[in-house]
Each structure stands twice: as structure tokens, then as C-alpha cells.
>>> print(open('work-v8.cif').read())   # mmCIF, C-alpha atoms and all ligand atoms
data_entry
#
loop_
_atom_site.label_atom_id
_atom_site.label_comp_id
_atom_site.auth_asym_id
_atom_site.auth_seq_id
_atom_site.Cartn_x
_atom_site.Cartn_y
_atom_site.Cartn_z
CA MET A 1 -21.95 6.88 8.09
CA THR A 2 -21.96 5.90 4.42
CA LEU A 3 -19.74 7.15 1.62
CA GLU A 4 -22.71 9.15 0.35
CA ASP A 5 -22.94 10.90 3.74
CA ALA A 6 -19.21 11.71 3.60
CA ARG A 7 -19.63 12.96 0.04
CA ARG A 8 -22.39 15.32 1.12
CA VAL A 9 -20.38 16.65 4.09
CA LEU A 10 -17.49 17.59 1.79
CA GLY A 11 -19.56 18.60 -1.21
CA ALA A 12 -17.34 16.16 -3.09
CA ARG A 13 -17.69 15.04 -6.68
CA VAL A 14 -17.59 11.32 -7.49
CA LEU A 15 -15.09 10.39 -10.22
CA VAL A 16 -15.27 6.59 -9.93
CA GLY A 17 -17.78 4.23 -8.29
CA GLU A 18 -21.04 6.26 -8.39
CA ASN A 19 -23.00 3.09 -7.65
CA CYS A 20 -21.05 2.06 -4.54
CA LEU A 21 -21.80 4.98 -2.22
CA ASP A 22 -23.97 2.98 0.18
CA GLN A 23 -20.89 1.36 1.80
CA GLU A 24 -20.41 2.00 5.53
CA VAL A 25 -17.20 3.74 6.51
CA GLY A 26 -15.59 3.47 9.94
CA THR A 27 -12.42 5.52 9.96
CA VAL A 28 -10.53 8.15 7.99
CA CYS A 29 -6.83 8.54 7.30
CA GLY A 30 -5.49 11.84 5.96
CA SER A 31 -1.95 11.96 4.57
CA ASP A 32 0.21 12.75 1.57
CA MET A 33 2.77 10.15 2.70
CA MET A 34 1.81 6.67 1.56
CA SER A 35 4.47 5.31 3.95
CA ASP A 36 2.43 6.64 6.87
CA VAL A 37 -0.82 5.40 5.43
CA LEU A 38 0.65 1.89 5.13
CA ALA A 39 1.85 1.99 8.73
CA PHE A 40 -1.27 3.32 10.43
CA SER A 41 -4.42 2.90 8.39
CA LYS A 42 -7.34 0.66 9.28
CA ASP A 43 -9.40 -1.25 6.75
CA HIS A 44 -12.79 -0.10 5.42
CA SER A 45 -11.70 3.48 5.68
CA ILE A 46 -11.50 6.63 3.60
CA LEU A 47 -8.11 7.98 2.53
CA LEU A 48 -7.93 11.77 2.21
CA THR A 49 -4.87 12.84 0.23
CA GLY A 50 -3.44 15.57 -1.94
CA LEU A 51 -1.01 13.15 -3.58
CA CYS A 52 -2.01 12.13 -7.08
CA ASN A 53 -0.13 9.15 -8.48
CA PRO A 54 -0.86 5.48 -9.21
CA GLN A 55 0.80 4.40 -5.94
CA VAL A 56 -2.05 6.08 -4.04
CA ILE A 57 -4.42 3.61 -5.69
CA ARG A 58 -2.07 0.68 -5.02
CA THR A 59 -1.68 1.69 -1.39
CA ALA A 60 -5.45 1.87 -0.94
CA GLU A 61 -5.82 -1.50 -2.64
CA MET A 62 -3.30 -3.20 -0.32
CA LEU A 63 -5.01 -1.80 2.78
CA ASP A 64 -8.59 -2.57 1.70
CA ILE A 65 -9.37 1.14 1.85
CA ILE A 66 -12.76 1.63 0.17
CA CYS A 67 -12.59 5.25 -0.93
CA ILE A 68 -10.00 7.89 -1.81
CA ILE A 69 -10.96 11.56 -1.65
CA PHE A 70 -8.51 13.92 -3.34
CA VAL A 71 -8.36 17.28 -1.56
CA ARG A 72 -7.80 20.83 -2.86
CA GLY A 73 -9.16 20.03 -6.28
CA LYS A 74 -6.41 17.54 -7.17
CA ARG A 75 -7.39 15.03 -9.80
CA PRO A 76 -5.48 11.97 -10.96
CA ASP A 77 -4.97 11.24 -14.67
CA ASP A 78 -7.24 8.89 -16.62
CA LYS A 79 -4.86 5.93 -16.35
CA THR A 80 -4.87 6.22 -12.57
CA LEU A 81 -8.67 6.49 -12.50
CA GLU A 82 -8.85 3.40 -14.70
CA MET A 83 -6.73 1.52 -12.16
CA ALA A 84 -9.11 2.59 -9.40
CA ARG A 85 -12.05 1.31 -11.43
CA ASP A 86 -10.36 -2.08 -11.89
CA THR A 87 -9.69 -2.25 -8.16
CA GLY A 88 -13.27 -1.45 -7.20
CA LEU A 89 -12.41 1.75 -5.34
CA VAL A 90 -14.62 4.81 -4.99
CA ILE A 91 -12.82 8.03 -5.98
CA MET A 92 -13.97 11.55 -5.19
CA GLU A 93 -12.54 15.05 -5.36
CA THR A 94 -13.24 18.04 -3.14
CA GLY A 95 -12.08 21.65 -3.36
CA HIS A 96 -11.47 21.76 0.40
CA ARG A 97 -7.92 21.65 1.74
CA MET A 98 -6.67 18.75 3.85
CA PHE A 99 -7.15 20.41 7.23
CA SER A 100 -10.69 21.56 6.49
CA ALA A 101 -11.74 18.28 4.92
CA CYS A 102 -10.45 16.30 7.94
CA GLY A 103 -12.20 18.71 10.30
CA MET A 104 -15.52 18.47 8.48
CA LEU A 105 -15.50 14.67 8.55
CA TYR A 106 -14.44 14.66 12.20
CA GLU A 107 -17.26 17.00 13.11
CA ALA A 108 -19.64 14.70 11.26
CA GLY A 109 -18.60 11.89 13.61
CA LEU A 110 -15.82 10.05 11.80
CA ARG A 111 -12.60 9.22 13.68
CA GLY A 112 -9.06 8.16 12.85
CA GLY A 113 -9.05 4.85 14.70
CA ALA A 114 -6.51 3.85 17.33
CA ILE A 115 -2.94 3.26 16.23
CA MET B 116 -5.17 -27.60 -1.05
CA ALA B 117 -2.33 -29.98 -0.31
CA ASP B 118 0.16 -28.62 -2.80
CA ILE B 119 2.40 -25.63 -2.62
CA ILE B 120 1.52 -22.99 -5.20
CA THR B 121 4.46 -20.91 -6.39
CA LEU B 122 4.07 -17.44 -7.92
CA ARG B 123 7.00 -15.65 -9.56
CA TYR B 124 7.42 -12.02 -10.62
CA THR B 125 10.14 -9.85 -12.09
CA VAL B 126 10.17 -6.35 -10.61
CA SER B 127 11.31 -3.71 -13.10
CA PRO B 128 13.43 -0.89 -11.69
CA ASP B 129 12.59 1.58 -14.43
CA ASP B 130 8.98 2.49 -13.87
CA PHE B 131 7.86 3.66 -10.43
CA THR B 132 4.25 3.90 -11.60
CA ARG B 133 4.22 0.11 -12.10
CA ALA B 134 5.65 -0.71 -8.66
CA GLY B 135 3.09 -2.78 -6.82
CA GLU B 136 1.84 -4.80 -9.78
CA ALA B 137 3.28 -8.00 -8.31
CA SER B 138 1.72 -7.33 -4.91
CA SER B 139 -1.61 -6.58 -6.56
CA ASP B 140 -1.51 -9.85 -8.51
CA VAL B 141 -0.58 -11.85 -5.40
CA LYS B 142 -3.48 -10.25 -3.54
CA ASN B 143 -5.93 -11.27 -6.27
CA LYS B 144 -4.57 -14.83 -6.44
CA LEU B 145 -4.83 -15.24 -2.66
CA LYS B 146 -8.44 -14.04 -2.81
CA GLN B 147 -9.18 -16.62 -5.50
CA LEU B 148 -7.58 -19.32 -3.33
CA GLY B 149 -9.96 -18.40 -0.50
CA ILE B 150 -7.26 -17.32 1.97
CA ALA B 151 -8.66 -15.47 5.00
CA PRO B 152 -8.87 -11.66 4.48
CA PRO B 153 -6.75 -10.73 7.55
CA VAL B 154 -3.96 -13.00 6.23
CA ILE B 155 -4.23 -11.49 2.74
CA ARG B 156 -4.02 -8.01 4.23
CA LYS B 157 -0.79 -8.79 6.12
CA VAL B 158 0.79 -10.38 3.05
CA SER B 159 -0.30 -7.49 0.82
CA ILE B 160 1.09 -4.74 3.02
CA ALA B 161 4.42 -6.49 3.73
CA LEU B 162 4.93 -7.50 0.11
CA TYR B 163 4.02 -4.07 -1.26
CA GLU B 164 6.48 -2.33 1.10
CA GLY B 165 9.16 -4.77 -0.02
CA GLU B 166 8.32 -4.36 -3.70
CA ILE B 167 8.47 -0.56 -3.42
CA ASN B 168 11.86 -0.84 -1.71
CA MET B 169 13.13 -3.00 -4.59
CA VAL B 170 12.21 -0.20 -6.99
CA ILE B 171 13.31 2.88 -5.04
CA HIS B 172 16.42 1.54 -3.27
CA ALA B 173 17.59 -1.26 -5.58
CA LYS B 174 17.57 -2.06 -9.26
CA GLY B 175 14.55 -4.33 -9.22
CA GLY B 176 14.74 -8.08 -8.87
CA GLU B 177 12.65 -11.20 -8.40
CA ILE B 178 9.74 -11.96 -6.10
CA THR B 179 8.75 -15.54 -5.31
CA VAL B 180 5.65 -16.32 -3.27
CA GLU B 181 4.93 -19.85 -2.04
CA VAL B 182 1.43 -20.54 -0.80
CA SER B 183 1.05 -23.66 1.31
CA PRO B 184 -1.83 -24.72 3.58
CA GLU B 185 0.15 -23.57 6.63
CA SER B 186 1.85 -20.38 5.51
CA ILE B 187 2.66 -17.86 2.82
CA ARG B 188 6.37 -17.44 2.20
CA MET B 189 7.69 -14.43 0.27
CA VAL B 190 11.24 -14.11 -1.02
CA LEU B 191 12.30 -10.74 -2.47
CA ALA B 192 15.71 -10.87 -4.11
CA ASP B 193 17.12 -7.66 -5.56
CA VAL B 194 20.32 -6.70 -7.33
CA GLY B 195 20.77 -3.41 -5.52
CA PRO B 196 23.49 -1.77 -3.44
CA GLY B 197 22.82 -3.84 -0.31
CA ILE B 198 22.08 -2.47 3.17
CA PRO B 199 25.21 -1.35 5.10
CA ASP B 200 23.60 -1.43 8.57
CA ILE B 201 20.47 -3.55 8.90
CA SER B 202 19.56 -2.55 12.46
CA LEU B 203 19.79 1.13 11.49
CA ALA B 204 17.67 0.51 8.36
CA MET B 205 15.05 -1.25 10.50
CA LYS B 206 14.61 1.84 12.72
CA GLU B 207 11.33 3.70 12.18
CA GLY B 208 12.08 7.02 10.53
CA TYR B 209 15.48 6.07 9.09
CA SER B 210 15.50 6.57 5.33
CA THR B 211 18.04 7.33 2.65
CA ALA B 212 15.33 8.08 0.07
CA PRO B 213 15.93 11.31 -1.89
CA ASP B 214 13.43 14.20 -1.92
CA GLU B 215 12.22 13.08 -5.32
CA ILE B 216 10.95 9.81 -3.76
CA ARG B 217 9.45 11.69 -0.83
CA SER B 218 7.43 13.83 -3.22
CA LEU B 219 5.96 10.58 -4.55
CA GLY B 220 4.68 9.70 -1.06
CA PHE B 221 7.41 7.31 0.11
CA GLY B 222 10.62 7.55 2.11
CA ALA B 223 9.35 8.00 5.67
CA GLY B 224 11.54 5.14 6.85
CA MET B 225 8.57 3.01 7.89
CA GLY B 226 8.71 0.16 5.38
CA LEU B 227 11.05 -2.38 6.94
CA SER B 228 9.54 -2.04 10.43
CA ASN B 229 6.09 -2.34 8.90
CA MET B 230 7.15 -5.52 7.08
CA LYS B 231 8.37 -6.95 10.39
CA LYS B 232 5.14 -5.93 12.12
CA TYR B 233 2.86 -7.61 9.59
CA THR B 234 4.76 -10.90 9.24
CA ASP B 235 5.45 -13.82 11.57
CA TYR B 236 9.03 -14.22 10.37
CA MET B 237 11.43 -11.90 8.56
CA ASP B 238 15.05 -12.42 7.57
CA ILE B 239 17.36 -10.04 5.67
CA GLN B 240 20.44 -11.27 3.85
CA THR B 241 22.46 -8.51 2.24
CA GLU B 242 25.80 -8.04 0.56
CA LEU B 243 27.14 -4.61 -0.35
CA GLY B 244 27.31 -4.06 -4.08
CA ILE B 245 25.56 -7.38 -4.78
CA GLY B 246 22.05 -7.17 -3.44
CA THR B 247 19.54 -7.94 -0.73
CA THR B 248 17.28 -10.93 -0.20
CA ILE B 249 14.40 -10.59 2.23
CA THR B 250 12.38 -13.62 3.30
CA MET B 251 9.04 -13.14 5.05
CA ILE B 252 6.52 -15.68 6.29
CA VAL B 253 2.90 -15.11 7.27
CA ASN B 254 1.22 -18.04 9.01
CA VAL B 255 -2.18 -18.98 7.64
CA THR B 256 -3.48 -20.54 10.83
N1 LIG A 301 16.13 -3.50 -0.96
C1 LIG A 301 16.92 -2.55 -0.44
N2 LIG A 301 18.17 -2.33 -0.95
C2 LIG A 301 18.97 -1.39 -0.43
N3 LIG A 301 18.64 -0.61 0.61
C3 LIG A 301 17.44 -0.78 1.16
C4 LIG A 301 16.51 -1.75 0.69
N4 LIG A 301 15.39 -1.70 1.45
C5 LIG A 301 15.61 -0.74 2.35
N5 LIG A 301 16.83 -0.18 2.20
C6 LIG A 301 17.44 0.88 3.06
O1 LIG A 301 16.79 0.89 4.31
C7 LIG A 301 16.19 2.17 4.54
C8 LIG A 301 14.89 1.98 5.30
O2 LIG A 301 13.94 1.26 4.49
P1 LIG A 301 12.39 1.44 4.79
O3 LIG A 301 11.63 0.66 3.82
O4 LIG A 301 12.16 1.15 6.25
O5 LIG A 301 12.16 3.00 4.59
P2 LIG A 301 12.09 3.82 3.21
O6 LIG A 301 11.89 2.90 2.08
O7 LIG A 301 13.26 4.72 3.15
O8 LIG A 301 10.78 4.67 3.44
P3 LIG A 301 9.26 4.09 3.42
O9 LIG A 301 9.34 2.61 3.42
O10 LIG A 301 8.63 4.63 4.65
O11 LIG A 301 8.64 4.61 2.18
C9 LIG A 301 16.02 2.77 3.16
O12 LIG A 301 15.93 4.17 3.18
C10 LIG A 301 17.27 2.27 2.47
O13 LIG A 301 18.39 3.03 2.83
MG MG A 302 10.38 1.41 2.16
#
>>> encode(input="work-v8.cif", output="C-alpha cells", more="lines below")
Ligand SMILES: Nc1ncnc2c1ncn2[C@@H]1O[C@H](COP(=O)(O)OP(=O)(O)OP(=O)(O)O)[C@@H](O)[C@H]1O
Ligand SMILES: [Mg+2]
Amino acid sequence: MTLEDARRVLGARVLVGENCLDQEVGTVCGSDMMSDVLAFSKDHSILLTGLCNPQVIRTAEMLDIICIIFVRGKRPDDKTLEMARDTGLVIMETGHRMFSACGMLYEAGLRGGAI
Amino acid sequence: MADIITLRYTVSPDDFTRAGEASSDVKNKLKQLGIAPPVIRKVSIALYEGEINMVIHAKGGEITVEVSPESIRMVLADVGPGIPDISLAMKEGYSTAPDEIRSLGFGAGMGLSNMKKYTDYMDIQTELGIGTTITMIVNVT
């Protein structure tokens, strides 16, 4: 599955990285706790989160996460989006809540990866 | 690459939004040096956890990273309150972080154990009221 496929499944809007949606994605991690993301996440994955601060971008950067999708219509400020652009991340937003967004991606075939 | 390259950073305690800048810079420098991606990933995660701890639990400090052909050595020295019980602090889930930090996405009590997991060597020296120095090594080969 590519990021564009994931975008379509969630009806998400791309905020950063429109031209990088052909990247393959293997796993998804959904959490508002960056501590948990740092402890469990795999690389080349999507991070689904409702948390909206610059540390979300940093956390994704450290883990080589390729895309962050903000759930329930959350949107980071311009400075945070700028950071994401510098890092080469793809950023999207979806109106769906965390549970629904995870379920939709799971149904589409994406998994969380073994711990 | 026969020499040891030393990188130094001052971590400011005042601005949580800037926490991670040192780790980000180290990550970019290691990429430029052509270090293997799995090694960079381990260093990045361990260093970032440590840098965040310096901001949320201590009053900032200094990070020194030495890159040699064999290993990457990170020393994080803070001027914080120290850690009263290291084995308790190392336990997954143990955290003294206030709710305010938890609302920022940290304070699950995973950092120190994660640092241990991603490094080949980790040592904690701490003195109450003076500060904590954590040394971590990731082998390159
Ligand atoms: N540099 C430090 N100075 C003083 N105390 C520290 C320091 N680093 C960690 N601690 C103490 O050890 C505890 C555990 O640290 P750890 O990094 O494992 O978890 P955390 O920072 O509370 O949460 P998380 O890392 O999951 O966001 C902290 O809550 C704190 O009490
Ligand atoms: Mg921590």
C-alpha cells in the first residue's frame, strides 16, 4: 500500500509532501503518547495521532516514520508544519477519530507490526 | 575515517518545543558521515529520549557525541535533581512526570528502558541535588 492509498482510505487531506505519496508503507502506529511510539514503532510506517506539537514531528524524525496523519481534524501550527517540511515528512489530516481511522487502515490491510 | 569526530550541544531547559534539536542535528551529521541507517536509528532514539529527559526532569545540560570508526559514544550531563533510585527509574512504566508533561505526549516511564534497549552500553552516574550523567555507546560494527 502507498501513502496515496492510505490517504484515499481515510479521505485525508495532505498538508505537507503532496509529491511524496508514492512511498510504500508497511505498518501503522496509533498513539497520543510519544513515549509509546518511541518504544514500539517500526520504521517506514505511518503515525496516527491526535497530539499536535513539534515533538510529534521530532519523534517521527527519530524513528524514520514517513508520514503523520492527524486524526479528528487536529492541525498543527505553521511552525510545526515547516519543521515537517524540513524533515521530509508527509503530513495529512483526517476528520475521523483515532479508533475509526485505525480500523479503516486495518481493514485496508495495514498492520501494526510485531513488538 | 580514522579520527574521532566530537559534536557538542547545550540543551536549554526553558523551551520544550526545542527539545530534540541536538538529536536531530546528530542524526543529520551521522547521515552525512555515511553511518549505517540501523545504527543511526538506535543512536537517534536513545539520544532523543535522553535529551527529552534533560528538559522535562532536569534543568538542561550538555550533550557530547563522539563518533569513531568503531562506535558512537553519547554523554548527557545535566544539572538536575539527580535520580534517587536508579533501578526504580529504569522500570518500564515508572515516571514522576506531571500531568502537564503527559499532555505533551511524554511521561509513560519508557525512556530509560528504551535507551538501554537501543544501546550496547549504558551507565548512569547521579548525585542528588547536583545532576545526572548518562553515558551510552552504540557499536558501529
Ligand atoms: N535526567 C534526569 N534527571 C532526573 N530524573 C530523571 C532523569 N531522567 C529520568 N529521571 C527519572 O526517571 C524516571 C523515568 O524516566 P524515563 O525516561 O524512563 O520515563 P519518563 O521520562 O518519566 O517518561 P517517558 O520517557 O516515557 O516519556 C523519570 O520519571 C524521572 O523521575
Ligand atoms: Mg523519559
>>> atom_distance(input="work-v8.cif", atom1="CA of Ile171 (chain B)", atom2="CA of Leu63 (chain A)")
20.5 Å
>>> residues_around(input="work-v8.cif", residues="Glu24 (chain A)", least_positions_apart="6", cutoff="7 Å", atoms="all atoms listed in the file", output="count of residues only")
3
>>> closest_atom_pairs(input="work-v8.cif", of="chain A", to="ligand MG 302 (chain A)", cutoff="12 Å", atoms="only C-alpha atoms and all ligand atoms", output="CSV")
residue,atom,partner,partner_atom,distance
A:Met33,CA,A:MG302,MG,11.6
A:Met34,CA,A:MG302,MG,10.1
A:Ser35,CA,A:MG302,MG,7.3
A:Asp36,CA,A:MG302,MG,10.6
A:Leu38,CA,A:MG302,MG,10.2
A:Ala39,CA,A:MG302,MG,10.8
>>> closest_residue(input="work-v8.cif", among="A:Pro54, A:Gly17, A:Gly26, A:Gly11", to="chain B", atoms="only C-alpha atoms")
A:Pro54
>>> closest_residue(input="work-v8.cif", among="B:Ile198, B:Val141, B:Leu243, B:Ala192", to="ligand LIG 301 (chain A)", atoms="all atoms listed in the file")
B:Ile198
>>> residues_near_ligand(input="work-v8.cif", ligand="ligand LIG 301 (chain A)", cutoff="6 Å", atoms="all atoms listed in the file", output="list of chain:residue names")
A:Ser35, B:Asn168, B:Met169, B:His172, B:Ala173, B:Gly195, B:Pro196, B:Gly197, B:Ile198, B:Ala204, B:Met205, B:Tyr209, B:Ser210, B:Thr211, B:Ala212, B:Phe221, B:Gly222, B:Ala223, B:Gly224, B:Met225, B:Gly226, B:Leu227, B:Ser228, B:Thr247
>>> write_last_selection(input="work-v8.cif", atoms="C-alpha atoms", output="PDB file, keeping the file's coordinate frame")
ATOM      1  CA  SER A  35       4.470   5.310   3.950  1.00  0.00           C
TER       2      SER A  35
ATOM      3  CA  ASN B 168      11.860  -0.840  -1.710  1.00  0.00           C
ATOM      4  CA  MET B 169      13.130  -3.000  -4.590  1.00  0.00           C
ATOM      5  CA  HIS B 172      16.420   1.540  -3.270  1.00  0.00           C
ATOM      6  CA  ALA B 173      17.590  -1.260  -5.580  1.00  0.00           C
ATOM      7  CA  GLY B 195      20.770  -3.410  -5.520  1.00  0.00           C
ATOM      8  CA  PRO B 196      23.490  -1.770  -3.440  1.00  0.00           C
ATOM      9  CA  GLY B 197      22.820  -3.840  -0.310  1.00  0.00           C
ATOM     10  CA  ILE B 198      22.080  -2.470   3.170  1.00  0.00           C
ATOM     11  CA  ALA B 204      17.670   0.510   8.360  1.00  0.00           C
ATOM     12  CA  MET B 205      15.050  -1.250  10.500  1.00  0.00           C
ATOM     13  CA  TYR B 209      15.480   6.070   9.090  1.00  0.00           C
ATOM     14  CA  SER B 210      15.500   6.570   5.330  1.00  0.00           C
ATOM     15  CA  THR B 211      18.040   7.330   2.650  1.00  0.00           C
ATOM     16  CA  ALA B 212      15.330   8.080   0.070  1.00  0.00           C
ATOM     17  CA  PHE B 221       7.410   7.310   0.110  1.00  0.00           C
ATOM     18  CA  GLY B 222      10.620   7.550   2.110  1.00  0.00           C
ATOM     19  CA  ALA B 223       9.350   8.000   5.670  1.00  0.00           C
ATOM     20  CA  GLY B 224      11.540   5.140   6.850  1.00  0.00           C
ATOM     21  CA  MET B 225       8.570   3.010   7.890  1.00  0.00           C
ATOM     22  CA  GLY B 226       8.710   0.160   5.380  1.00  0.00           C
ATOM     23  CA  LEU B 227      11.050  -2.380   6.940  1.00  0.00           C
ATOM     24  CA  SER B 228       9.540  -2.040  10.430  1.00  0.00           C
ATOM     25  CA  THR B 247      19.540  -7.940  -0.730  1.00  0.00           C
TER      26      THR B 247
END
>>> atom_distance(input="work-v8.cif", atom1="CA of Pro152 (chain B)", atom2="CA of Arg123 (chain B)")
21.6 Å
>>> interface_residues(input="work-v8.cif", of="chain A", to="chain B", cutoff="12 Å", atoms="all atoms listed in the file", output="PyMOL selection string")
chain A and resi 31-44+49-65+79-80+83+86-87
>>> atom_distance(input="work-v8.cif", atom1="CA of Lys146 (chain B)", atom2="CA of Val255 (chain B)")
13.1 Å
>>> closest_residue(input="work-v8.cif", among="A:Ala84, A:Gly30, A:Asn19, A:Val14", to="Arg97 (chain A)", atoms="all atoms listed in the file")
A:Gly30
>>> closest_residue(input="work-v8.cif", among="B:Leu203, B:Asp235, B:Met251, B:Val126", to="Ile178 (chain B)", atoms="only C-alpha atoms")
B:Val126
>>> residues_around(input="work-v8.cif", residues="region 90-93 of chain A", least_positions_apart="2", cutoff="9 Å", atoms="all atoms listed in the file", output="list in words")
Leu3, Arg7, Gly11, Ala12, Arg13, Val14, Leu15, Val16, Gly17, Glu18, Asn19, Cys20, Leu21, Ile66, Cys67, Ile68, Ile69, Phe70, Val71, Arg72, Gly73, Lys74, Arg75, Leu81, Ala84, Arg85, Gly88, Gly95 and His96 of chain A
>>> closest_residue(input="work-v8.cif", among="A:Met98, A:Leu110, A:Met104, A:Cys29", to="Arg8 (chain A)", atoms="only C-alpha atoms")
A:Met104
>>> residues_around(input="work-v8.cif", residues="Glu177 (chain B)", least_positions_apart="6", cutoff="10 Å", atoms="all atoms listed in the file", output="list in words")
Arg123, Tyr124, Thr125, Val126, Ser127, Ala137, Glu166, Met169, Val190, Leu191, Ala192, Asp193, Val194 and Thr248 of chain B
>>> build_atoms(input="work-v8.cif", residues="region 217-229 of chain B", atoms="N, CA and C atoms", output="JSON list (two decimals), keeping the file's coordinate frame")
[["chain", "number", "residue", "atom", "x", "y", "z"],
["B", 217, "ARG", "N", 10.36, 11.19, -1.85],
["B", 217, "ARG", "CA", 9.45, 11.69, -0.83],
["B", 217, "ARG", "C", 8.27, 12.43, -1.46],
["B", 218, "SER", "N", 8.53, 13.11, -2.56],
["B", 218, "SER", "CA", 7.43, 13.83, -3.22],
["B", 218, "SER", "C", 6.45, 12.86, -3.88],
["B", 219, "LEU", "N", 6.86, 11.60, -4.01],
["B", 219, "LEU", "CA", 5.96, 10.58, -4.55],
["B", 219, "LEU", "C", 5.18, 9.88, -3.44],
["B", 220, "GLY", "N", 5.45, 10.25, -2.18],
["B", 220, "GLY", "CA", 4.68, 9.70, -1.06],
["B", 220, "GLY", "C", 5.38, 8.59, -0.29],
["B", 221, "PHE", "N", 6.67, 8.36, -0.60],
["B", 221, "PHE", "CA", 7.41, 7.31, 0.11],
["B", 221, "PHE", "C", 8.69, 7.90, 0.71],
["B", 222, "GLY", "N", 9.38, 7.08, 1.52],
["B", 222, "GLY", "CA", 10.62, 7.55, 2.11],
["B", 222, "GLY", "C", 10.45, 8.12, 3.50],
["B", 223, "ALA", "N", 9.50, 7.57, 4.28],
["B", 223, "ALA", "CA", 9.35, 8.00, 5.67],
["B", 223, "ALA", "C", 10.16, 7.09, 6.60],
["B", 224, "GLY", "N", 10.76, 6.06, 6.03],
["B", 224, "GLY", "CA", 11.54, 5.14, 6.85],
["B", 224, "GLY", "C", 10.68, 4.20, 7.68],
["B", 225, "MET", "N", 9.51, 3.86, 7.16],
["B", 225, "MET", "CA", 8.57, 3.01, 7.89],
["B", 225, "MET", "C", 8.48, 1.59, 7.32],
["B", 226, "GLY", "N", 8.97, 1.40, 6.10],
["B", 226, "GLY", "CA", 8.71, 0.16, 5.38],
["B", 226, "GLY", "C", 9.20, -1.11, 6.06],
["B", 227, "LEU", "N", 10.48, -1.15, 6.38],
["B", 227, "LEU", "CA", 11.05, -2.38, 6.94],
["B", 227, "LEU", "C", 10.40, -2.74, 8.28],
["B", 228, "SER", "N", 10.18, -1.73, 9.14],
["B", 228, "SER", "CA", 9.54, -2.04, 10.43],
["B", 228, "SER", "C", 8.10, -2.48, 10.23],
["B", 229, "ASN", "N", 7.45, -1.92, 9.22],
["B", 229, "ASN", "CA", 6.09, -2.34, 8.90],
["B", 229, "ASN", "C", 6.06, -3.79, 8.39]]
